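Chemist: Provided herewith: protein-v4.json, JSON, C-alpha atoms.
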[["chain", "number", "residue", "atom", "x", "y", "z"],
["A", 22, "MET", "CA", 0.00, 0.00, 0.00],
["A", 23, "ARG", "CA", 2.78, 2.41, 0.92],
["A", 24, "VAL", "CA", 4.64, 1.45, -2.23],
["A", 25, "ALA", "CA", 1.60, 2.31, -4.42],
["A", 26, "VAL", "CA", 1.14, 5.74, -2.78],
["A", 27, "ALA", "CA", 4.82, 6.57, -3.23],
["A", 28, "ALA", "CA", 4.65, 5.62, -6.89],
["A", 29, "ALA", "CA", 1.60, 7.81, -7.43],
["A", 30, "VAL", "CA", 3.30, 10.88, -5.83],
["A", 31, "ALA", "CA", 6.39, 10.39, -7.97],
["A", 32, "ALA", "CA", 4.32, 10.15, -11.13],
["A", 33, "LEU", "CA", 2.39, 13.36, -10.25],
["A", 34, "ALA", "CA", 5.65, 15.32, -9.61],
["A", 35, "ALA", "CA", 7.13, 14.15, -12.92],
["A", 36, "GLY", "CA", 4.02, 15.32, -14.82],
["A", 37, "SER", "CA", 4.15, 18.82, -13.20],
["A", 38, "LEU", "CA", 7.80, 19.36, -14.22],
["A", 39, "ALA", "CA", 7.12, 18.23, -17.78],
["A", 40, "GLY", "CA", 4.23, 20.73, -18.06],
["A", 41, "CYS", "CA", 6.34, 23.73, -16.83],
["A", 42, "LYS", "CA", 9.11, 22.99, -19.30],
["A", 43, "ALA", "CA", 6.69, 22.62, -22.19],
["A", 44, "GLN", "CA", 5.00, 25.99, -21.45],
["A", 45, "GLY", "CA", 8.35, 27.75, -21.22],
["A", 46, "ALA", "CA", 9.55, 26.31, -24.51],
["A", 47, "GLN", "CA", 6.28, 27.24, -26.26],
["A", 48, "ASN", "CA", 6.77, 30.96, -25.42],
["A", 49, "GLY", "CA", 10.54, 31.05, -25.94],
["A", 50, "GLN", "CA", 11.21, 31.61, -22.26],
["A", 51, "ALA", "CA", 12.82, 28.29, -21.32],
["A", 52, "GLY", "CA", 15.69, 28.53, -18.91],
["A", 53, "ARG", "CA", 14.74, 32.15, -17.70],
["A", 54, "PRO", "CA", 13.82, 31.80, -14.04],
["A", 55, "GLY", "CA", 11.32, 34.24, -12.63],
["A", 56, "LYS", "CA", 10.13, 35.44, -16.09],
["A", 57, "SER", "CA", 6.37, 36.02, -16.30],
["A", 58, "ILE", "CA", 4.83, 34.11, -19.17],
["A", 59, "PRO", "CA", 1.80, 35.81, -20.77],
["A", 60, "ALA", "CA", -1.28, 33.81, -21.54],
["A", 61, "SER", "CA", -1.76, 32.77, -25.17],
["A", 62, "GLY", "CA", -4.69, 35.20, -25.57],
["A", 63, "ALA", "CA", -2.64, 38.19, -24.35],
["A", 64, "ALA", "CA", 0.20, 37.31, -26.70],
["A", 65, "ALA", "CA", -2.17, 37.22, -29.67],
["A", 66, "SER", "CA", -3.61, 40.64, -28.90],
["A", 67, "SER", "CA", -0.18, 42.36, -28.60],
["A", 68, "PRO", "CA", 0.51, 44.83, -31.49],
["A", 69, "SER", "CA", 4.00, 43.42, -31.94],
["A", 70, "ALA", "CA", 2.66, 39.92, -32.10],
["A", 71, "THR", "CA", 0.06, 40.69, -34.78],
["A", 72, "SER", "CA", 1.65, 43.35, -37.00],
["A", 73, "GLY", "CA", 5.26, 43.82, -35.94],
["A", 74, "ARG", "CA", 4.73, 47.66, -35.83],
["A", 75, "ARG", "CA", 6.02, 49.94, -33.10],
["A", 76, "PRO", "CA", 3.72, 52.59, -31.61],
["A", 77, "ALA", "CA", 4.08, 55.94, -33.44],
["A", 78, "ALA", "CA", 6.35, 58.42, -31.70],
["A", 79, "GLU", "CA", 4.75, 61.64, -30.48],
["A", 80, "PRO", "CA", 5.72, 64.71, -32.59],
["A", 81, "THR", "CA", 8.51, 66.86, -31.19],
["A", 82, "VAL", "CA", 7.30, 70.36, -30.23],
["A", 83, "ARG", "CA", 10.05, 72.90, -30.80],
["A", 84, "PRO", "CA", 9.95, 76.07, -28.67],
["A", 85, "ALA", "CA", 9.37, 79.30, -30.59],
["A", 86, "ALA", "CA", 12.52, 81.29, -31.38],
["A", 87, "ARG", "CA", 13.06, 84.05, -28.82],
["A", 88, "PRO", "CA", 13.08, 87.55, -30.36],
["A", 89, "VAL", "CA", 16.27, 89.57, -30.21],
["A", 90, "ILE", "CA", 14.17, 92.76, -30.51],
["A", 91, "ALA", "CA", 10.68, 92.31, -29.09],
["A", 92, "SER", "CA", 7.50, 94.26, -29.68],
["A", 93, "GLY", "CA", 6.99, 96.83, -26.93],
["A", 94, "SER", "CA", 10.69, 97.45, -26.40],
["A", 95, "SER", "CA", 12.48, 100.75, -26.92],
["A", 96, "GLY", "CA", 15.97, 102.15, -27.31],
["A", 97, "ASP", "CA", 18.85, 102.52, -29.76],
["A", 98, "ARG", "CA", 18.47, 99.03, -31.22],
["A", 99, "VAL", "CA", 14.85, 99.74, -32.12],
["A", 100, "ARG", "CA", 15.96, 102.95, -33.82],
["A", 101, "GLU", "CA", 18.50, 100.97, -35.84],
["A", 102, "LEU", "CA", 15.82, 98.44, -36.79],
["A", 103, "GLN", "CA", 13.46, 101.19, -37.94],
["A", 104, "ALA", "CA", 16.22, 102.98, -39.88],
["A", 105, "ARG", "CA", 17.15, 99.76, -41.70],
["A", 106, "LEU", "CA", 13.49, 99.02, -42.50],
["A", 107, "ARG", "CA", 13.18, 102.57, -43.83],
["A", 108, "GLN", "CA", 16.11, 101.95, -46.21],
["A", 109, "LEU", "CA", 13.98, 99.22, -47.79],
["A", 110, "GLY", "CA", 10.88, 101.44, -47.97],
["A", 111, "LEU", "CA", 9.05, 99.42, -45.29],
["A", 112, "PHE", "CA", 8.97, 102.03, -42.51],
["A", 113, "GLY", "CA", 7.41, 105.25, -43.76],
["A", 114, "ARG", "CA", 8.36, 107.57, -40.94],
["A", 115, "ASN", "CA", 11.38, 108.67, -38.97],
["A", 116, "PRO", "CA", 12.73, 106.32, -36.29],
["A", 117, "THR", "CA", 11.03, 106.80, -32.95],
["A", 118, "GLY", "CA", 12.87, 104.24, -30.83],
["A", 119, "TYR", "CA", 9.63, 102.51, -29.83],
["A", 120, "TYR", "CA", 8.62, 99.08, -31.17],
["A", 121, "GLY", "CA", 4.86, 99.49, -31.66],
["A", 122, "THR", "CA", 2.27, 98.21, -34.10],
["A", 123, "VAL", "CA", 3.69, 100.15, -37.07],
["A", 124, "THR", "CA", 7.15, 98.66, -36.56],
["A", 125, "ALA", "CA", 5.71, 95.16, -36.07],
["A", 126, "ALA", "CA", 3.76, 95.49, -39.35],
["A", 127, "ALA", "CA", 6.93, 96.56, -41.18],
["A", 128, "VAL", "CA", 8.86, 93.59, -39.74],
["A", 129, "ARG", "CA", 6.05, 91.25, -40.76],
["A", 130, "THR", "CA", 6.13, 92.59, -44.32],
["A", 131, "PHE", "CA", 9.89, 92.09, -44.48],
["A", 132, "GLN", "CA", 9.61, 88.53, -43.18],
["A", 133, "SER", "CA", 6.86, 87.60, -45.63],
["A", 134, "GLY", "CA", 8.90, 88.96, -48.53],
["A", 135, "HIS", "CA", 11.98, 86.92, -47.64],
["A", 136, "GLY", "CA", 10.54, 83.51, -46.87],
["A", 137, "LEU", "CA", 10.50, 83.94, -43.09],
["A", 138, "ALA", "CA", 7.68, 83.28, -40.65],
["A", 139, "GLY", "CA", 5.62, 86.48, -40.47],
["A", 140, "THR", "CA", 5.59, 86.88, -36.71],
["A", 141, "GLY", "CA", 6.31, 90.60, -36.52],
["A", 142, "GLN", "CA", 9.05, 89.80, -33.99],
["A", 143, "VAL", "CA", 12.74, 90.18, -34.83],
["A", 144, "THR", "CA", 14.37, 86.78, -34.36],
["A", 145, "THR", "CA", 18.06, 86.05, -34.87],
["A", 146, "THR", "CA", 17.38, 84.91, -38.45],
["A", 147, "THR", "CA", 15.29, 87.99, -39.27],
["A", 148, "TRP", "CA", 17.89, 90.36, -37.82],
["A", 149, "ALA", "CA", 20.74, 88.69, -39.72],
["A", 150, "ARG", "CA", 18.82, 88.84, -43.02],
["A", 151, "LEU", "CA", 17.85, 92.49, -42.53],
["A", 152, "ARG", "CA", 21.41, 93.52, -41.69],
["A", 153, "ALA", "CA", 22.72, 91.70, -44.76],
["A", 154, "LEU", "CA", 20.36, 93.65, -47.02],
["A", 155, "THR", "CA", 20.90, 97.13, -45.54],
["A", 156, "GLN", "CA", 23.67, 99.56, -44.64],
["A", 157, "PRO", "CA", 24.53, 100.60, -41.07],
["A", 158, "PRO", "CA", 22.40, 103.72, -40.49],
["A", 159, "SER", "CA", 24.06, 107.02, -39.65],
["A", 160, "HIS", "CA", 23.42, 108.86, -36.41],
["A", 161, "THR", "CA", 21.23, 111.37, -38.25],
["A", 162, "ALA", "CA", 19.19, 108.55, -39.79],
["A", 163, "MET", "CA", 18.60, 107.07, -36.33],
["A", 164, "TYR", "CA", 18.05, 110.42, -34.60],
["A", 165, "PRO", "CA", 16.36, 112.63, -37.19],
["A", 166, "PRO", "CA", 15.80, 116.29, -36.33],
["A", 167, "THR", "CA", 12.07, 116.16, -37.08],
["A", 168, "ALA", "CA", 9.24, 113.78, -36.23],
["A", 169, "ASN", "CA", 8.28, 113.52, -39.92],
["A", 170, "PRO", "CA", 10.73, 113.17, -42.81],
["A", 171, "ALA", "CA", 11.50, 116.65, -44.14],
["A", 172, "ALA", "CA", 10.00, 117.36, -47.54],
["A", 173, "GLU", "CA", 12.11, 117.71, -50.66],
["A", 174, "LEU", "CA", 13.27, 121.30, -50.98],
["A", 175, "ASP", "CA", 11.10, 123.58, -53.05],
["A", 176, "ALA", "CA", 12.95, 125.05, -56.05],
["A", 177, "ARG", "CA", 12.67, 128.51, -54.46],
["A", 178, "CYS", "CA", 14.69, 127.25, -51.49],
["A", 179, "LEU", "CA", 17.78, 126.22, -53.44],
["A", 180, "THR", "CA", 19.49, 129.61, -53.58],
["A", 181, "GLY", "CA", 20.39, 132.10, -50.88],
["A", 182, "ARG", "CA", 19.41, 132.02, -47.22],
["A", 183, "VAL", "CA", 15.93, 130.57, -46.82],
["A", 184, "LEU", "CA", 13.47, 129.49, -44.16],
["A", 185, "CYS", "CA", 11.88, 126.71, -46.23],
["A", 186, "VAL", "CA", 8.58, 125.66, -44.65],
["A", 187, "SER", "CA", 6.58, 122.65, -45.90],
["A", 188, "LYS", "CA", 2.94, 122.28, -44.96],
["A", 189, "THR", "CA", 2.98, 118.73, -46.31],
["A", 190, "SER", "CA", 5.68, 117.38, -43.98],
["A", 191, "ARG", "CA", 5.07, 120.04, -41.30],
["A", 192, "THR", "CA", 8.76, 120.85, -41.14],
["A", 193, "LEU", "CA", 10.97, 123.93, -41.40],
["A", 194, "SER", "CA", 14.39, 123.62, -43.00],
["A", 195, "TRP", "CA", 17.00, 126.34, -42.62],
["A", 196, "VAL", "CA", 18.77, 126.30, -45.98],
["A", 197, "VAL", "CA", 21.90, 128.20, -46.99],
["A", 198, "ASP", "CA", 22.97, 127.99, -50.65],
["A", 199, "GLY", "CA", 21.03, 124.79, -51.19],
["A", 200, "LYS", "CA", 22.34, 122.98, -48.07],
["A", 201, "VAL", "CA", 20.12, 122.20, -45.10],
["A", 202, "ARG", "CA", 21.74, 123.53, -41.93],
["A", 203, "SER", "CA", 18.97, 122.52, -39.50],
["A", 204, "ALA", "CA", 15.39, 121.26, -39.49],
["A", 205, "MET", "CA", 12.53, 121.32, -36.98],
["A", 206, "ASP", "CA", 8.87, 120.41, -36.52],
["A", 207, "VAL", "CA", 6.31, 123.17, -37.10],
["A", 208, "ARG", "CA", 2.55, 123.62, -37.06],
["A", 209, "PHE", "CA", 0.33, 126.19, -38.71],
["A", 210, "GLY", "CA", -2.83, 128.24, -38.38],
["A", 211, "ALA", "CA", -6.31, 126.77, -37.99],
["A", 212, "GLN", "CA", -9.00, 126.77, -40.67],
["A", 213, "TYR", "CA", -10.15, 130.34, -40.05],
["A", 214, "THR", "CA", -6.66, 131.74, -39.40],
["A", 215, "PRO", "CA", -4.53, 129.96, -42.03],
["A", 216, "THR", "CA", -0.83, 130.50, -42.49],
["A", 217, "ARG", "CA", -0.23, 132.28, -45.80],
["A", 218, "GLU", "CA", 1.64, 130.49, -48.57],
["A", 219, "GLY", "CA", 4.16, 132.07, -50.91],
["A", 220, "THR", "CA", 7.55, 133.76, -50.89],
["A", 221, "PHE", "CA", 8.25, 136.40, -48.24],
["A", 222, "ARG", "CA", 11.13, 138.12, -46.42],
["A", 223, "VAL", "CA", 11.97, 138.38, -42.74],
["A", 224, "ASN", "CA", 11.15, 142.02, -42.01],
["A", 225, "PHE", "CA", 11.35, 142.13, -38.21],
["A", 226, "LYS", "CA", 12.84, 140.08, -35.37],
["A", 227, "SER", "CA", 11.82, 140.17, -31.69],
["A", 228, "ARG", "CA", 13.46, 137.82, -29.15],
["A", 229, "HIS", "CA", 10.91, 138.36, -26.33],
["A", 230, "HIS", "CA", 7.83, 139.33, -28.32],
["A", 231, "VAL", "CA", 4.30, 139.34, -26.87],
["A", 232, "SER", "CA", 1.28, 139.44, -29.19],
["A", 233, "THR", "CA", -0.59, 142.74, -29.00],
["A", 234, "ILE", "CA", -3.73, 141.01, -30.32],
["A", 235, "TYR", "CA", -3.85, 137.79, -28.28],
["A", 236, "HIS", "CA", -1.55, 138.90, -25.43],
["A", 237, "THR", "CA", 0.42, 135.66, -25.60],
["A", 238, "ALA", "CA", 4.18, 135.17, -25.63],
["A", 239, "MET", "CA", 5.87, 134.70, -29.02],
["A", 240, "PRO", "CA", 9.54, 134.09, -28.13],
["A", 241, "TYR", "CA", 12.14, 134.29, -30.93],
["A", 242, "ALA", "CA", 9.63, 135.78, -33.36],
["A", 243, "MET", "CA", 10.72, 136.34, -36.98],
["A", 244, "PHE", "CA", 7.93, 138.20, -38.81],
["A", 245, "PHE", "CA", 7.48, 137.64, -42.53],
["A", 246, "SER", "CA", 3.89, 138.67, -43.47],
["A", 247, "GLY", "CA", 2.04, 141.25, -41.42],
["A", 248, "GLY", "CA", 1.44, 139.72, -37.98],
["A", 249, "GLN", "CA", 2.50, 136.23, -39.04],
["A", 250, "ALA", "CA", 5.85, 135.03, -37.79],
["A", 251, "VAL", "CA", 7.99, 131.98, -37.16],
["A", 252, "HIS", "CA", 8.30, 131.65, -33.36],
["A", 253, "TYR", "CA", 8.54, 129.26, -30.42],
["A", 254, "SER", "CA", 5.25, 127.94, -28.99],
["A", 255, "SER", "CA", 5.04, 126.45, -25.50],
["A", 256, "ASP", "CA", 1.54, 125.24, -26.40],
["A", 257, "PHE", "CA", 2.94, 123.30, -29.37],
["A", 258, "ALA", "CA", 5.62, 121.84, -27.11],
["A", 259, "ALA", "CA", 2.96, 120.68, -24.62],
["A", 260, "ARG", "CA", 0.06, 119.64, -26.89],
["A", 261, "GLY", "CA", 1.69, 118.86, -30.20],
["A", 262, "TYR", "CA", -0.55, 118.84, -33.25],
["A", 263, "ALA", "CA", -3.69, 118.77, -31.12],
["A", 264, "GLY", "CA", -3.64, 122.56, -31.27],
["A", 265, "ALA", "CA", -3.01, 125.22, -33.91],
["A", 266, "SER", "CA", -1.71, 128.77, -34.23],
["A", 267, "HIS", "CA", -3.50, 131.97, -35.24],
["A", 268, "GLY", "CA", -1.60, 131.98, -38.52],
["A", 269, "CYS", "CA", 1.99, 131.88, -37.33],
["A", 270, "VAL", "CA", 4.50, 129.09, -37.93],
["A", 271, "ASN", "CA", 4.93, 127.51, -34.48],
["A", 272, "VAL", "CA", 8.17, 125.73, -33.54],
["A", 273, "ARG", "CA", 8.14, 123.33, -30.58],
["A", 274, "ASP", "CA", 11.90, 122.86, -30.00],
["A", 275, "LEU", "CA", 13.12, 125.78, -27.89],
["A", 276, "GLY", "CA", 16.80, 125.02, -28.41],
["A", 277, "LYS", "CA", 16.48, 124.85, -32.18],
["A", 278, "ILE", "CA", 14.44, 128.04, -32.60],
["A", 279, "SER", "CA", 16.85, 129.87, -30.28],
["A", 280, "ALA", "CA", 19.84, 128.84, -32.41],
["A", 281, "LEU", "CA", 17.94, 129.64, -35.61],
["A", 282, "PHE", "CA", 16.98, 133.10, -34.36],
["A", 283, "ASP", "CA", 20.68, 133.96, -33.95],
["A", 284, "GLN", "CA", 21.48, 132.89, -37.53],
["A", 285, "VAL", "CA", 18.58, 134.43, -39.46],
["A", 286, "ARG", "CA", 18.99, 138.00, -40.68],
["A", 287, "THR", "CA", 16.43, 140.60, -41.60],
["A", 288, "GLY", "CA", 15.85, 140.25, -45.35],
["A", 289, "ASP", "CA", 16.33, 136.46, -45.47],
["A", 290, "LYS", "CA", 13.81, 134.64, -47.63],
["A", 291, "VAL", "CA", 10.82, 132.72, -46.26],
["A", 292, "VAL", "CA", 9.12, 130.15, -48.53],
["A", 293, "ILE", "CA", 5.92, 128.47, -47.34],
["A", 294, "HIS", "CA", 4.65, 125.74, -49.64],
["A", 295, "TRP", "CA", 2.80, 122.44, -49.84]]
Since I need it in another form, could you write the structure as structure tokens?

Modeler:
Amino acid sequence: MRVAVAAAVAALAAGSLAGCKAQGAQNGQAGRPGKSIPASGAAASSPSATSGRRPAAEPTVRPAARPVIASGSSGDRVRELQARLRQLGLFGRNPTGYYGTVTAAAVRTFQSGHGLAGTGQVTTTTWARLRALTQPPSHTAMYPPTANPAAELDARCLTGRVLCVSKTSRTLSWVVDGKVRSAMDVRFGAQYTPTREGTFRVNFKSRHHVSTIYHTAMPYAMFFSGGQAVHYSSDFAARGYAGASHGCVNVRDLGKISALFDQVRTGDKVVIHW
């Protein structure tokens, strides 16, 4: 009886070992102790088991290039940017040193025309391309004397000593023998008190003049037509083009009009034109 039981236990142990080895060989895992063997159903449903394909890799997201000159910034580098864009006819005003919407639009136009992403921000690539296509701007180009580009000189301003005043660009150029010695921003009379146009002469100068009609100060006044004169205006300096004169040519830069007053002589020509 004991012999029979012992034989049965031995036979059962031998069958268990044979089954373990067979399962390991079937899944290619024979001889790897401790390796988990997946069930046949799990193996069949595995992507590698059915198609041999690897899961698609997620796309790499590259960070946007950081701008070397960003919108909203200001300073000398912005002036250089604007001056270079102006060389290409993309920035239609004098450099201001502030990177606003007008500058961003000009940068975007440049980028679109040269196969670059039209972001409106100056990246390293955009800056390098712009510098390659333009010349280093001069100090005058970066720091112009007037807010608006001075108009081309009228033919009447090309000879002699002339205060050449353009209503189109709202600038005054002091011209001697066809060469511009200085330039400054000016404004003119309102609708019912317009500044006269034509060719005149400086007939009277008054450094500390006060209007006898309006009782307002007219420093550095240079009269050319009746009561109309070129003179400094503190109102123009404070309010800009939001205001107007009573017919005079207002200058808003005190230093420039002071220097001009010392150079202009009685009898010098005054040309006011569009």

Chemist: Give the centre and edge lengths of an axis-aligned box, in Å to one decimal, that holds all listed atoms of range 201-214 of chain A with 8 Å on each side, as lines of an AutoDock Vina configuration file.

Modeler:
center_x = 5.8
center_y = 126.1
center_z = -40.8
size_x = 47.9
size_y = 27.3
size_z = 24.6

Chemist: Please compute the CA of Ser203 in chain A-CA of Thr161 in chain A distance, one decimal, in Å.

Modeler: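 CA of Thr161 in chain A lies at a distance of 11.4 Å from CA of Ser203 in chain A.
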
Chemist: For a test of reading the model, state the distance in Å between CA of His229 in chain A and CA of Ala242 in chain A, rounded to one decimal.

Modeler: 7.6 Å

Chemist: Just want the 10 Å neighbourhood of range 163-180 of chain A, counted on only C-alpha atoms, with same-chain residues fewer than 6 positions away dropped. Output as a PyMOL selection string.

Modeler: chain A and resi 97-105+113-118+157+186-201+203-207+219-220+274+277+290-295

Chemist: Using all atoms listed in the file, which residue out of A:Val143, A:Cys269, A:Ala258, A:Leu184 lies closest to Thr216 in chain A?

Modeler: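 Comparing A:Val143, A:Cys269, A:Ala258, A:Leu184 against Thr216 in chain A, the winner is A:Cys269.
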
Chemist: Find the distance between CA of Ser92 in chain A and CA of Tyr120 in chain A and write it in Å to one decimal.

Modeler: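 Those two atoms sit 5.2 Å apart.
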
Chemist: Name the closest residue to Gln156 in chain A among the candidates A:Thr140, A:Arg107, A:His135, A:Val123; distances are taken between atoms, counting all atoms listed in the file.

Modeler: A:Arg107

Chemist: Between A:Gly264, A:Gly247, A:Gly141, A:Gly288, single out the one closest to Gly93 in chain A, counting only C-alpha atoms.

Modeler: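 Smallest separation from Gly93 in chain A among the options: A:Gly141.
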
Chemist: Please return as a PDB file with C-alpha atoms, in the coordinates of the input every residue within 7 Å of (5.6, 93.2, -34.1), taking into account all atoms listed in the file and the file's own coordinates.

Modeler:
ATOM      1  CA  SER A  92       7.500  94.260 -29.680  1.00  0.00           C
ATOM      2  CA  GLY A 121       4.860  99.490 -31.660  1.00  0.00           C
ATOM      3  CA  THR A 122       2.270  98.210 -34.100  1.00  0.00           C
ATOM      4  CA  THR A 124       7.150  98.660 -36.560  1.00  0.00           C
ATOM      5  CA  ALA A 125       5.710  95.160 -36.070  1.00  0.00           C
ATOM      6  CA  ALA A 126       3.760  95.490 -39.350  1.00  0.00           C
ATOM      7  CA  VAL A 128       8.860  93.590 -39.740  1.00  0.00           C
ATOM      8  CA  ARG A 129       6.050  91.250 -40.760  1.00  0.00           C
ATOM      9  CA  THR A 140       5.590  86.880 -36.710  1.00  0.00           C
ATOM     10  CA  GLY A 141       6.310  90.600 -36.520  1.00  0.00           C
ATOM     11  CA  GLN A 142       9.050  89.800 -33.990  1.00  0.00           C
TER      12      GLN A 142
END

Chemist: From the list A:Ala91, A:Ala127, A:Leu275, A:Leu137, which residue is nearest Arg150 in chain A when using all atoms listed in the file?

Modeler: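 Of all the options, A:Leu137 lies closest to Arg150 in chain A.
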
Chemist: Between A:Arg87, A:Arg260, A:His160, A:Arg182, which has the minimum distance to Val223 in chain A (counting only C-alpha atoms)?

Modeler: A:Arg182

Chemist: Counting all atoms listed in the file, which of A:Leu106, A:Ala211, A:Leu281, A:Val183 gets nearest to Tyr262 in chain A?

Modeler: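 Of A:Leu106, A:Ala211, A:Leu281, A:Val183, the one nearest Tyr262 in chain A, counting all atoms listed in the file, is A:Ala211.
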